[in-house]
file my_file01.cif (mmCIF, C-alpha atoms and all ligand atoms)
data_upload
loop_
_atom_site.group_PDB
_atom_site.id
_atom_site.type_symbol
_atom_site.label_atom_id
_atom_site.label_comp_id
_atom_site.auth_asym_id
_atom_site.auth_seq_id
_atom_site.Cartn_x
_atom_site.Cartn_y
_atom_site.Cartn_z
ATOM 1 C CA TRP A 48 0.000 0.000 0.000
ATOM 2 C CA PRO A 49 2.713 2.519 -0.984
ATOM 3 C CA VAL A 50 0.419 5.585 -1.395
ATOM 4 C CA PHE A 51 -0.868 5.088 2.132
ATOM 5 C CA ALA A 52 2.501 4.216 3.710
ATOM 6 C CA ARG A 53 2.891 7.421 5.749
ATOM 7 C CA ASP A 54 -0.570 7.263 7.292
ATOM 8 C CA ILE A 55 -0.232 3.557 7.994
ATOM 9 C CA GLU A 56 3.133 3.998 9.695
ATOM 10 C CA ALA A 57 1.847 6.929 11.767
ATOM 11 C CA ILE A 58 -1.254 4.987 12.819
ATOM 12 C CA LEU A 59 0.776 1.962 13.888
ATOM 13 C CA THR A 60 3.006 4.208 16.046
ATOM 14 C CA LEU A 61 0.025 6.084 17.529
ATOM 15 C CA LYS A 62 -1.685 2.802 18.405
ATOM 16 C CA ARG A 63 1.333 1.773 20.475
ATOM 17 C CA GLN A 64 1.600 5.206 22.147
ATOM 18 C CA HIS A 65 -2.083 5.267 23.143
ATOM 19 C CA ASN A 66 -2.486 1.536 23.818
ATOM 20 C CA ALA A 67 -5.222 1.643 21.201
ATOM 21 C CA VAL A 68 -6.942 -1.052 19.223
ATOM 22 C CA ILE A 69 -8.672 -0.593 15.859
ATOM 23 C CA LEU A 70 -11.875 -2.538 15.280
ATOM 24 C CA ALA A 71 -12.881 -2.443 11.591
ATOM 25 C CA HIS A 72 -16.113 -3.559 9.975
ATOM 26 C CA ASN A 73 -16.054 -5.763 6.869
ATOM 27 C CA TYR A 74 -17.228 -2.774 4.757
ATOM 28 C CA GLN A 75 -14.089 -0.738 5.422
ATOM 29 C CA THR A 76 -11.796 -0.214 2.442
ATOM 30 C CA PRO A 77 -8.949 -2.717 1.947
ATOM 31 C CA GLU A 78 -6.241 -0.207 2.892
ATOM 32 C CA ILE A 79 -7.849 0.000 6.354
ATOM 33 C CA PHE A 80 -9.036 -3.594 6.609
ATOM 34 C CA HIS A 81 -5.746 -5.242 5.645
ATOM 35 C CA THR A 82 -3.217 -2.897 7.293
ATOM 36 C CA VAL A 83 -4.092 -1.002 10.485
ATOM 37 C CA ALA A 84 -7.088 -3.011 11.761
ATOM 38 C CA ASP A 85 -6.461 -5.280 14.768
ATOM 39 C CA ILE A 86 -9.871 -6.923 14.653
ATOM 40 C CA VAL A 87 -12.111 -7.196 11.603
ATOM 41 C CA GLY A 88 -15.564 -8.691 11.342
ATOM 42 C CA ASP A 89 -19.329 -8.282 11.233
ATOM 43 C CA SER A 90 -21.322 -6.289 13.787
ATOM 44 C CA LEU A 91 -21.612 -9.272 16.106
ATOM 45 C CA ALA A 92 -17.867 -10.016 16.093
ATOM 46 C CA LEU A 93 -17.041 -6.344 16.700
ATOM 47 C CA ALA A 94 -19.385 -6.280 19.710
ATOM 48 C CA ARG A 95 -17.893 -9.514 21.072
ATOM 49 C CA GLU A 96 -14.313 -8.323 20.572
ATOM 50 C CA ALA A 97 -15.083 -4.976 22.181
ATOM 51 C CA VAL A 98 -15.760 -6.907 25.383
ATOM 52 C CA ASN A 99 -12.467 -8.791 25.203
ATOM 53 C CA THR A 100 -9.996 -6.008 24.536
ATOM 54 C CA ASP A 101 -7.639 -4.743 27.235
ATOM 55 C CA ALA A 102 -6.677 -1.643 25.254
ATOM 56 C CA ASP A 103 -7.301 1.802 26.783
ATOM 57 C CA VAL A 104 -8.619 3.279 23.558
ATOM 58 C CA ILE A 105 -10.905 1.687 20.958
ATOM 59 C CA VAL A 106 -11.040 3.246 17.491
ATOM 60 C CA LEU A 107 -14.112 2.001 15.685
ATOM 61 C CA ALA A 108 -13.586 2.025 11.930
ATOM 62 C CA GLY A 109 -17.242 1.681 11.031
ATOM 63 C CA VAL A 110 -20.458 3.608 11.629
ATOM 64 C CA HIS A 111 -21.725 5.391 14.722
ATOM 65 C CA PHE A 112 -23.990 2.656 16.128
ATOM 66 C CA MET A 113 -21.000 0.280 16.135
ATOM 67 C CA ALA A 114 -18.909 2.771 18.134
ATOM 68 C CA GLU A 115 -21.819 3.317 20.505
ATOM 69 C CA THR A 116 -22.129 -0.437 21.059
ATOM 70 C CA ALA A 117 -18.407 -0.640 21.835
ATOM 71 C CA LYS A 118 -18.832 2.204 24.344
ATOM 72 C CA LEU A 119 -21.863 0.554 25.956
ATOM 73 C CA LEU A 120 -19.751 -2.524 26.589
ATOM 74 C CA ASN A 121 -16.703 -0.509 27.727
ATOM 75 C CA PRO A 122 -18.002 2.440 29.737
ATOM 76 C CA ASP A 123 -14.562 3.126 31.232
ATOM 77 C CA LYS A 124 -12.604 3.093 27.974
ATOM 78 C CA THR A 125 -12.181 5.864 25.441
ATOM 79 C CA VAL A 126 -14.057 4.991 22.261
ATOM 80 C CA LEU A 127 -13.302 7.076 19.163
ATOM 81 C CA ILE A 128 -15.025 7.236 15.802
ATOM 82 C CA PRO A 129 -12.888 8.855 13.074
ATOM 83 C CA ASP A 130 -15.895 10.649 11.504
ATOM 84 C CA ALA A 131 -18.780 11.597 13.804
ATOM 85 C CA GLU A 132 -21.129 11.861 10.805
ATOM 86 C CA ALA A 133 -20.809 8.187 9.830
ATOM 87 C CA GLY A 134 -24.446 7.210 10.376
ATOM 88 C CA CYS A 135 -26.809 4.526 9.088
ATOM 89 C CA SER A 136 -30.219 4.817 7.408
ATOM 90 C CA LEU A 137 -31.576 2.049 9.648
ATOM 91 C CA ALA A 138 -30.470 3.791 12.857
ATOM 92 C CA GLU A 139 -32.100 6.984 11.521
ATOM 93 C CA SER A 140 -35.406 5.257 10.785
ATOM 94 C CA ILE A 141 -36.668 4.940 14.371
ATOM 95 C CA THR A 142 -36.683 6.841 17.672
ATOM 96 C CA ALA A 143 -37.072 5.805 21.293
ATOM 97 C CA GLU A 144 -40.534 7.417 21.247
ATOM 98 C CA ASP A 145 -41.534 5.187 18.292
ATOM 99 C CA VAL A 146 -40.570 2.102 20.321
ATOM 100 C CA ARG A 147 -42.554 3.297 23.339
ATOM 101 C CA ARG A 148 -45.601 3.801 21.097
ATOM 102 C CA LEU A 149 -45.258 0.299 19.650
ATOM 103 C CA ARG A 150 -45.033 -1.155 23.135
ATOM 104 C CA SER A 151 -48.296 0.452 24.162
ATOM 105 C CA ARG A 152 -49.919 -0.779 20.940
ATOM 106 C CA TYR A 153 -48.705 -4.369 21.505
ATOM 107 C CA PRO A 154 -48.556 -4.761 25.302
ATOM 108 C CA GLY A 155 -46.430 -7.649 26.515
ATOM 109 C CA VAL A 156 -44.898 -8.428 23.098
ATOM 110 C CA PRO A 157 -41.077 -8.494 23.391
ATOM 111 C CA VAL A 158 -39.057 -6.009 21.344
ATOM 112 C CA VAL A 159 -36.059 -7.374 19.439
ATOM 113 C CA THR A 160 -33.925 -4.547 18.131
ATOM 114 C CA TYR A 161 -31.334 -4.754 15.390
ATOM 115 C CA ILE A 162 -27.929 -3.562 16.543
ATOM 116 C CA ASN A 163 -28.113 -0.916 13.745
ATOM 117 C CA THR A 164 -29.928 1.508 16.099
ATOM 118 C CA SER A 165 -29.116 4.306 18.534
ATOM 119 C CA ALA A 166 -28.429 3.567 22.209
ATOM 120 C CA ALA A 167 -31.714 5.372 23.027
ATOM 121 C CA VAL A 168 -33.661 2.851 20.908
ATOM 122 C CA LYS A 169 -31.724 -0.088 22.373
ATOM 123 C CA ALA A 170 -32.617 1.204 25.836
ATOM 124 C CA GLU A 171 -36.339 0.735 25.043
ATOM 125 C CA SER A 172 -35.767 -2.841 23.835
ATOM 126 C CA ASP A 173 -35.737 -6.258 25.478
ATOM 127 C CA ILE A 174 -32.868 -7.683 23.480
ATOM 128 C CA CYS A 175 -30.679 -6.811 20.495
ATOM 129 C CA CYS A 176 -29.792 -8.949 17.503
ATOM 130 C CA THR A 177 -27.556 -8.777 14.453
ATOM 131 C CA SER A 178 -28.047 -10.329 11.036
ATOM 132 C CA GLY A 179 -25.754 -13.127 12.266
ATOM 133 C CA ASN A 180 -27.919 -14.237 15.212
ATOM 134 C CA ALA A 181 -31.467 -12.931 14.559
ATOM 135 C CA LYS A 182 -32.981 -16.432 14.304
ATOM 136 C CA LYS A 183 -31.302 -17.647 17.516
ATOM 137 C CA VAL A 184 -32.242 -14.490 19.432
ATOM 138 C CA ILE A 185 -35.911 -14.724 18.455
ATOM 139 C CA GLU A 186 -36.082 -18.437 19.211
ATOM 140 C CA SER A 187 -34.407 -17.861 22.597
ATOM 141 C CA LEU A 188 -37.427 -15.827 23.743
ATOM 142 C CA GLY A 189 -39.807 -18.799 23.609
ATOM 143 C CA VAL A 190 -42.795 -16.691 22.490
ATOM 144 C CA ASP A 191 -45.082 -16.853 19.450
ATOM 145 C CA ARG A 192 -45.047 -13.118 18.663
ATOM 146 C CA VAL A 193 -42.246 -10.529 18.625
ATOM 147 C CA ILE A 194 -41.725 -6.964 17.474
ATOM 148 C CA MET A 195 -38.552 -6.792 15.365
ATOM 149 C CA LEU A 196 -37.121 -3.326 14.686
ATOM 150 C CA PRO A 197 -36.322 -1.437 12.537
ATOM 151 C CA ASP A 198 -35.273 -3.387 9.408
ATOM 152 C CA GLU A 199 -38.383 -4.566 7.592
ATOM 153 C CA PHE A 200 -36.461 -6.772 5.157
ATOM 154 C CA LEU A 201 -34.283 -8.424 7.818
ATOM 155 C CA ALA A 202 -37.487 -9.137 9.773
ATOM 156 C CA GLN A 203 -39.212 -10.593 6.694
ATOM 157 C CA ASN A 204 -36.154 -12.679 5.787
ATOM 158 C CA THR A 205 -35.884 -13.932 9.389
ATOM 159 C CA ALA A 206 -39.611 -14.774 9.439
ATOM 160 C CA THR A 207 -38.965 -17.437 6.778
ATOM 161 C CA GLN A 208 -36.600 -19.195 9.248
ATOM 162 C CA VAL A 209 -38.650 -18.984 12.462
ATOM 163 C CA LEU A 210 -41.866 -20.631 11.383
ATOM 164 C CA GLY A 211 -44.700 -20.395 13.893
ATOM 165 C CA ILE A 212 -43.513 -17.061 15.329
ATOM 166 C CA GLU A 213 -45.328 -13.923 14.187
ATOM 167 C CA ILE A 214 -43.004 -10.982 13.573
ATOM 168 C CA ILE A 215 -44.343 -7.423 13.754
ATOM 169 C CA THR A 216 -42.127 -5.212 11.571
ATOM 170 C CA TRP A 217 -41.147 -1.543 11.192
ATOM 171 C CA ALA A 218 -40.604 0.156 7.837
ATOM 172 C CA GLY A 219 -36.866 0.896 8.168
ATOM 173 C CA HIS A 220 -34.503 0.003 5.321
ATOM 174 C CA CYS A 221 -30.801 -0.043 4.625
ATOM 175 C CA GLU A 222 -30.257 2.484 1.844
ATOM 176 C CA VAL A 223 -27.494 0.293 0.389
ATOM 177 C CA HIS A 224 -29.280 -3.059 0.300
ATOM 178 C CA GLU A 225 -32.812 -1.880 -0.525
ATOM 179 C CA ARG A 226 -31.541 -0.863 -3.987
ATOM 180 C CA PHE A 227 -30.810 -4.437 -5.100
ATOM 181 C CA THR A 228 -33.494 -6.022 -7.305
ATOM 182 C CA PRO A 229 -34.244 -9.549 -8.548
ATOM 183 C CA GLU A 230 -33.242 -8.214 -11.964
ATOM 184 C CA ASP A 231 -29.666 -7.682 -10.642
ATOM 185 C CA ILE A 232 -29.513 -11.370 -9.780
ATOM 186 C CA ARG A 233 -31.021 -12.467 -13.082
ATOM 187 C CA ALA A 234 -28.481 -10.325 -14.953
ATOM 188 C CA VAL A 235 -25.443 -11.675 -13.100
ATOM 189 C CA ARG A 236 -26.627 -15.268 -13.548
ATOM 190 C CA GLU A 237 -27.173 -14.658 -17.262
ATOM 191 C CA SER A 238 -23.639 -13.261 -17.664
ATOM 192 C CA TYR A 239 -22.041 -15.970 -15.486
ATOM 193 C CA PRO A 240 -24.151 -19.154 -15.390
ATOM 194 C CA ASP A 241 -21.809 -20.772 -12.826
ATOM 195 C CA VAL A 242 -21.855 -17.821 -10.380
ATOM 196 C CA VAL A 243 -22.655 -18.453 -6.717
ATOM 197 C CA VAL A 244 -24.776 -15.579 -5.375
ATOM 198 C CA LEU A 245 -24.539 -14.582 -1.692
ATOM 199 C CA ALA A 246 -26.814 -11.845 -0.326
ATOM 200 C CA HIS A 247 -27.057 -9.879 2.904
ATOM 201 C CA PRO A 248 -30.454 -10.296 4.658
ATOM 202 C CA GLU A 249 -30.943 -6.511 4.666
ATOM 203 C CA ALA A 250 -31.779 -6.959 0.959
ATOM 204 C CA PRO A 251 -35.466 -7.323 -0.025
ATOM 205 C CA PRO A 252 -36.902 -10.861 0.368
ATOM 206 C CA GLU A 253 -37.338 -11.264 -3.396
ATOM 207 C CA VAL A 254 -33.586 -10.648 -3.807
ATOM 208 C CA VAL A 255 -32.668 -13.046 -0.995
ATOM 209 C CA ALA A 256 -34.979 -15.650 -2.575
ATOM 210 C CA GLY A 257 -32.876 -15.509 -5.744
ATOM 211 C CA ALA A 258 -29.562 -15.991 -3.907
ATOM 212 C CA ASP A 259 -27.823 -19.287 -3.118
ATOM 213 C CA TYR A 260 -27.103 -18.190 0.465
ATOM 214 C CA ALA A 261 -28.010 -15.250 2.709
ATOM 215 C CA GLY A 262 -26.068 -14.299 5.804
ATOM 216 C CA SER A 263 -24.236 -11.612 7.703
ATOM 217 C CA THR A 264 -21.036 -10.155 6.273
ATOM 218 C CA ALA A 265 -19.048 -12.700 8.325
ATOM 219 C CA GLY A 266 -21.360 -15.462 7.102
ATOM 220 C CA MET A 267 -20.647 -14.523 3.498
ATOM 221 C CA ALA A 268 -16.875 -14.338 4.093
ATOM 222 C CA ASP A 269 -16.927 -17.771 5.775
ATOM 223 C CA PHE A 270 -18.957 -19.235 2.913
ATOM 224 C CA VAL A 271 -16.326 -18.128 0.385
ATOM 225 C CA GLY A 272 -13.481 -19.369 2.608
ATOM 226 C CA GLU A 273 -15.048 -22.794 3.088
ATOM 227 C CA LYS A 274 -16.574 -23.476 -0.338
ATOM 228 C CA ARG A 275 -14.102 -21.535 -2.560
ATOM 229 C CA PRO A 276 -16.524 -21.185 -5.489
ATOM 230 C CA ALA A 277 -14.794 -20.385 -8.801
ATOM 231 C CA ARG A 278 -16.978 -17.309 -9.240
ATOM 232 C CA VAL A 279 -19.055 -15.440 -6.663
ATOM 233 C CA ALA A 280 -21.280 -12.358 -6.439
ATOM 234 C CA LEU A 281 -21.623 -10.740 -3.007
ATOM 235 C CA VAL A 282 -24.893 -8.788 -3.107
ATOM 236 C CA THR A 283 -23.849 -6.245 -0.510
ATOM 237 C CA GLU A 284 -21.433 -3.330 0.033
ATOM 238 C CA CYS A 285 -18.579 -3.193 -2.510
ATOM 239 C CA SER A 286 -15.606 -3.218 -0.103
ATOM 240 C CA MET A 287 -16.754 -6.586 1.177
ATOM 241 C CA SER A 288 -15.809 -8.190 -2.160
ATOM 242 C CA ASP A 289 -12.501 -6.290 -2.274
ATOM 243 C CA ASN A 290 -11.542 -7.472 1.222
ATOM 244 C CA VAL A 291 -12.476 -11.111 0.720
ATOM 245 C CA ALA A 292 -10.972 -11.164 -2.794
ATOM 246 C CA ALA A 293 -7.576 -10.216 -1.353
ATOM 247 C CA LEU A 294 -7.685 -13.408 0.761
ATOM 248 C CA TYR A 295 -8.719 -15.792 -2.028
ATOM 249 C CA PRO A 296 -7.054 -14.796 -5.309
ATOM 250 C CA GLU A 297 -8.315 -17.976 -7.002
ATOM 251 C CA VAL A 298 -11.965 -16.860 -6.573
ATOM 252 C CA GLU A 299 -13.360 -14.416 -9.140
ATOM 253 C CA PHE A 300 -15.669 -11.736 -7.674
ATOM 254 C CA VAL A 301 -18.307 -10.239 -9.957
ATOM 255 C CA ARG A 302 -20.798 -7.396 -9.363
ATOM 256 C CA PRO A 303 -23.503 -6.200 -8.395
ATOM 257 C CA CYS A 304 -22.517 -4.253 -5.298
ATOM 258 C CA ASN A 305 -23.405 -0.842 -3.841
ATOM 259 C CA LEU A 306 -21.351 1.620 -1.784
ATOM 260 C CA CYS A 307 -22.352 2.691 1.746
ATOM 261 C CA PRO A 308 -21.686 6.452 1.914
ATOM 262 C CA HIS A 309 -21.489 6.281 5.723
ATOM 263 C CA MET A 310 -18.888 3.524 5.858
ATOM 264 C CA LYS A 311 -16.887 5.344 3.181
ATOM 265 C CA ARG A 312 -16.524 8.417 5.428
ATOM 266 C CA ILE A 313 -13.859 6.525 7.351
ATOM 267 C CA THR A 314 -10.415 6.940 5.800
ATOM 268 C CA LEU A 315 -6.812 6.365 6.877
ATOM 269 C CA PRO A 316 -6.109 10.120 7.355
ATOM 270 C CA LYS A 317 -9.212 10.384 9.578
ATOM 271 C CA ILE A 318 -8.126 7.367 11.631
ATOM 272 C CA ARG A 319 -4.730 9.002 12.038
ATOM 273 C CA ARG A 320 -6.321 12.301 13.133
ATOM 274 C CA ALA A 321 -8.637 10.450 15.522
ATOM 275 C CA LEU A 322 -5.617 9.021 17.337
ATOM 276 C CA GLU A 323 -3.555 12.221 17.198
ATOM 277 C CA ARG A 324 -6.374 14.402 18.596
ATOM 278 C CA ARG A 325 -8.324 11.731 20.465
ATOM 279 C CA GLN A 326 -11.459 12.609 18.485
ATOM 280 C CA HIS A 327 -14.430 12.028 18.135
ATOM 281 C CA GLU A 328 -15.098 10.586 21.533
ATOM 282 C CA VAL A 329 -18.348 8.635 21.890
ATOM 283 C CA THR A 330 -20.395 9.464 24.995
ATOM 284 C CA ILE A 331 -23.759 8.077 26.080
ATOM 285 C CA ASP A 332 -26.140 9.413 28.727
ATOM 286 C CA PRO A 333 -25.575 7.022 31.676
ATOM 287 C CA ALA A 334 -29.320 6.542 32.269
ATOM 288 C CA VAL A 335 -29.751 5.428 28.644
ATOM 289 C CA ALA A 336 -26.499 3.447 28.610
ATOM 290 C CA GLU A 337 -27.449 1.225 31.511
ATOM 291 C CA ARG A 338 -30.671 -0.012 29.865
ATOM 292 C CA ALA A 339 -29.148 -0.222 26.372
ATOM 293 C CA ARG A 340 -26.225 -2.282 27.718
ATOM 294 C CA LEU A 341 -28.666 -4.812 29.154
ATOM 295 C CA ALA A 342 -30.241 -5.358 25.720
ATOM 296 C CA VAL A 343 -26.807 -5.898 24.134
ATOM 297 C CA GLU A 344 -25.608 -8.157 26.954
ATOM 298 C CA ARG A 345 -28.748 -10.297 26.683
ATOM 299 C CA MET A 346 -27.935 -10.744 23.002
ATOM 300 C CA LEU A 347 -24.320 -11.704 23.718
ATOM 301 C CA ALA A 348 -25.537 -14.336 26.201
ATOM 302 C CA VAL A 349 -27.488 -16.131 23.413
ATOM 303 C CA ARG A 350 -25.232 -18.833 21.912
HETATM 304 P P1 LIG A 401 -23.221 -7.291 9.531
HETATM 305 O O1 LIG A 401 -23.605 -7.436 10.946
HETATM 306 O O2 LIG A 401 -23.669 -8.436 8.665
HETATM 307 O O3 LIG A 401 -21.744 -7.046 9.395
HETATM 308 O O4 LIG A 401 -23.999 -6.052 8.895
HETATM 309 C C1 LIG A 401 -23.790 -4.742 9.292
HETATM 310 C C2 LIG A 401 -24.288 -3.794 8.318
HETATM 311 O O5 LIG A 401 -24.314 -2.619 8.537
HETATM 312 C C3 LIG A 401 -24.773 -4.328 7.059
HETATM 313 O O6 LIG A 401 -25.242 -3.346 6.243
HETATM 314 FE FE1 LIG A 402 -26.388 1.144 7.586
HETATM 315 FE FE2 LIG A 402 -26.775 -0.051 5.283
HETATM 316 FE FE3 LIG A 402 -24.575 1.373 5.617
HETATM 317 FE FE4 LIG A 402 -24.888 -0.977 6.908
HETATM 318 S S1 LIG A 402 -24.695 -0.657 4.705
HETATM 319 S S2 LIG A 402 -24.160 0.952 7.774
HETATM 320 S S3 LIG A 402 -27.092 -0.946 7.292
HETATM 321 S S4 LIG A 402 -26.674 2.173 5.616
#

call {"tool": "encode", "arguments": {"input": "my_file01.cif", "output": "structure tokens", "more": "lines below"}}
Ligand code: 13P
Ligand code: SF4
result
Amino acid sequence: WPVFARDIEAILTLKRQHNAVILAHNYQTPEIFHTVADIVGDSLALAREAVNTDADVIVLAGVHFMAETAKLLNPDKTVLIPDAEAGCSLAESITAEDVRRLRSRYPGVPVVTYINTSAAVKAESDICCTSGNAKKVIESLGVDRVIMLPDEFLAQNTATQVLGIEIITWAGHCEVHERFTPEDIRAVRESYPDVVVLAHPEAPPEVVAGADYAGSTAGMADFVGEKRPARVALVTECSMSDNVAALYPEVEFVRPCNLCPHMKRITLPKIRRALERRQHEVTIDPAVAERARLAVERMLAVR
């Protein structure tokens, strides 16, 4: 990575000076993912690793809800996000007040909240989930009806796996995955008849139905690592293919993919500045944090 060499070198030195660890999501660009990151993974892995680290400072190379989750689990550590504006359309789609209203409309029905939400929304929830454990989390509740927020498509895709449990949904969508269409899948299969299509469950159900496998970003990476298909299409964020492709040069990666503008706000120079200036520090109102942490910890206890 010669063009990035100075930033990479500076970041590695700063990490040592600050006893810092960099947690990077699978959608980060390869020059972050393959050089300065200490831990890479999906949202679930980043939450789990945030609990295990003994660093003093956590830099979250990802979006704001991921940094907030790391802070919830490490109230005494400094958690930095290199760009405070790195948001998520799902997290924006629902407020704590919306959850309270749903609860009064469906009294007694447990609220399962996707980790792609604010701490305030998590605080109103019974338990969190990610795309990697949604089925297990819902089944762990032992009920026949749940409210699953805020990703309508993830809820609909999960409903096909938890038969006999009614799922009440919310109309939130990921702006990156909602744009995929069944036509995208038809087109890639027409161009490459042998292609194996993997989709993220934030994509619409009719897209997931046309894929060979649907799973979290870690699920997709593991699928490629285990099966090593000759040709694969990852129907998700574009950096995902770039990162996995670097690990398996014998596998050919073909499109479609879409870019997440929020994930792409994080760059090496911003990670460097975050460590130099200890910015942007994530803080959470303690009253909210306590209840939100419970929802995340209940999720982590589900195996
Ligand atoms: P994963 O938990 O599968 O990594 O998904 C996070 C995300 O933001 C997908 O759009
Ligand atoms: Fe949010 Fe979608 Fe971007 Fe993931 S890809 S951070 S769900 S907007």

call {"tool": "residues_around", "arguments": {"input": "my_file01.cif", "residues": "range 79-95 of chain A", "least_positions_apart": "5", "cutoff": "9 Å", "atoms": "only C-alpha atoms", "output": "JSON, numbers by chain"}}
result
{"A": [48, 55, 56, 58, 59, 68, 69, 70, 71, 72, 73, 74, 107, 108, 113, 116, 117, 120, 162, 163, 176, 177, 178, 179, 180, 263, 264, 265, 266, 290, 293, 313, 314, 315, 343, 347]}

call {"tool": "resolve_selection", "arguments": {"input": "my_file01.cif", "expression": "the PyMOL selection byres (((chain A and resi 271-285) around 7) and not hetatm)", "output": "compact mmCIF listing (two decimals) with C-alpha atoms, in the coordinates of the input"}}
result
# COMPACT_ATOMS: atom_id res chain seq x y z
CA TYR A 74 -17.23 -2.77 4.76
CA HIS A 224 -29.28 -3.06 0.30
CA ASP A 241 -21.81 -20.77 -12.83
CA VAL A 242 -21.86 -17.82 -10.38
CA VAL A 243 -22.66 -18.45 -6.72
CA VAL A 244 -24.78 -15.58 -5.38
CA LEU A 245 -24.54 -14.58 -1.69
CA ALA A 246 -26.81 -11.84 -0.33
CA HIS A 247 -27.06 -9.88 2.90
CA MET A 267 -20.65 -14.52 3.50
CA ALA A 268 -16.88 -14.34 4.09
CA ASP A 269 -16.93 -17.77 5.78
CA PHE A 270 -18.96 -19.24 2.91
CA SER A 286 -15.61 -3.22 -0.10
CA MET A 287 -16.75 -6.59 1.18
CA SER A 288 -15.81 -8.19 -2.16
CA ASP A 289 -12.50 -6.29 -2.27
CA VAL A 298 -11.96 -16.86 -6.57
CA GLU A 299 -13.36 -14.42 -9.14
CA PHE A 300 -15.67 -11.74 -7.67
CA VAL A 301 -18.31 -10.24 -9.96
CA ARG A 302 -20.80 -7.40 -9.36
CA PRO A 303 -23.50 -6.20 -8.40
CA CYS A 304 -22.52 -4.25 -5.30
CA ASN A 305 -23.40 -0.84 -3.84
CA LEU A 306 -21.35 1.62 -1.78
CA CYS A 307 -22.35 2.69 1.75

call {"tool": "closest_atom_pairs", "arguments": {"input": "my_file01.cif", "of": "chain A", "to": "ligand LIG 402 (chain A)", "cutoff": "6 Å", "atoms": "all atoms listed in the file", "output": "tab-separated table"}}
result
residue	atom	partner	partner_atom	distance
A:Val110	CA	A:LIG402	S2	6.0
A:Cys135	CA	A:LIG402	FE1	3.7
A:Ser136	CA	A:LIG402	S4	4.8
A:Leu137	CA	A:LIG402	FE1	5.7
A:Cys221	CA	A:LIG402	FE2	4.1
A:Glu222	CA	A:LIG402	S4	5.2
A:Val223	CA	A:LIG402	FE2	5.0
A:Cys307	CA	A:LIG402	FE3	4.7
A:His309	CA	A:LIG402	FE3	5.8

call {"tool": "closest_residue", "arguments": {"input": "my_file01.cif", "among": "A:Ala218, A:Ala138, A:Val50, A:Met195", "to": "ligand LIG 401 (chain A)", "atoms": "only C-alpha atoms and all ligand atoms"}}
result
A:Ala138

call {"tool": "residues_near_point", "arguments": {"input": "my_file01.cif", "point": "(-7.7, -4.3, 20.6)", "cutoff": "10 Å", "atoms": "all atoms listed in the file", "output": "number ranges by chain"}}
result
A: 62, 66-70, 84-86, 96-106

call {"tool": "resolve_selection", "arguments": {"input": "my_file01.cif", "expression": "the PyMOL selection byres (((chain A and resi 142-158) around 7) and not hetatm)", "output": "list in words"}}
result
Ile141, Val159, Thr160, Ala167, Val168, Glu171, Ser172, Asp173, Ile174, Arg192, Val193, Ile194 and Met195 of chain A

call {"tool": "resolve_selection", "arguments": {"input": "my_file01.cif", "expression": "the PyMOL selection byres (((chain A and resi 229) around 12) and not hetatm)", "output": "list of chain:residue names"}}
result
A:Glu225, A:Arg226, A:Phe227, A:Thr228, A:Glu230, A:Asp231, A:Ile232, A:Arg233, A:Ala234, A:Val235, A:Arg236, A:Val244, A:Ala246, A:Ala250, A:Pro251, A:Pro252, A:Glu253, A:Val254, A:Val255, A:Ala256, A:Gly257, A:Ala258, A:Val282, A:Pro303

call {"tool": "axis_aligned_box", "arguments": {"input": "my_file01.cif", "around": "range 169-174 of chain A", "padding_each_side": "4 Å", "output": "AutoDock Vina command-line options"}}
result
--center_x -34.0 --center_y -3.2 --center_z 24.1 --size_x 12.6 --size_y 16.9 --size_z 11.5

call {"tool": "closest_residue", "arguments": {"input": "my_file01.cif", "among": "A:Glu249, A:Asp259, A:Asp123, A:Glu344", "to": "ligand LIG 401 (chain A)", "atoms": "only C-alpha atoms and all ligand atoms"}}
result
A:Glu249

call {"tool": "atom_distance", "arguments": {"input": "my_file01.cif", "atom1": "CA of Leu341 in chain A", "atom2": "CA of Ala170 in chain A"}}
result
7.9 Å

call {"tool": "residues_around", "arguments": {"input": "my_file01.cif", "residues": "Glu139 in chain A", "least_positions_apart": "4", "cutoff": "9 Å", "atoms": "all atoms listed in the file", "output": "MDAnalysis selection string"}}
result
chainID A and resid 134:135 164:165 219

call {"tool": "atom_distance", "arguments": {"input": "my_file01.cif", "atom1": "CA of Ala181 in chain A", "atom2": "CA of Ala166 in chain A"}}
result
18.4 Å

call {"tool": "atom_distance", "arguments": {"input": "my_file01.cif", "atom1": "CA of Ala292 in chain A", "atom2": "CA of His220 in chain A"}}
result
27.3 Å

call {"tool": "closest_residue", "arguments": {"input": "my_file01.cif", "among": "A:Val291, A:Leu119, A:Met310, A:Ala52", "to": "ligand LIG 401 (chain A)", "atoms": "all atoms listed in the file"}}
result
A:Met310

call {"tool": "closest_residue", "arguments": {"input": "my_file01.cif", "among": "A:Pro49, A:Pro77, A:Pro122, A:Pro240", "to": "Asp332 in chain A", "atoms": "all atoms listed in the file"}}
result
A:Pro122

call {"tool": "closest_residue", "arguments": {"input": "my_file01.cif", "among": "A:Ala133, A:Leu188, A:Leu322, A:Ile331", "to": "ligand LIG 401 (chain A)", "atoms": "only C-alpha atoms and all ligand atoms"}}
result
A:Ala133

call {"tool": "closest_residue", "arguments": {"input": "my_file01.cif", "among": "A:Ala261, A:Leu196, A:Ala202, A:Leu210", "to": "ligand LIG 401 (chain A)", "atoms": "all atoms listed in the file"}}
result
A:Ala261
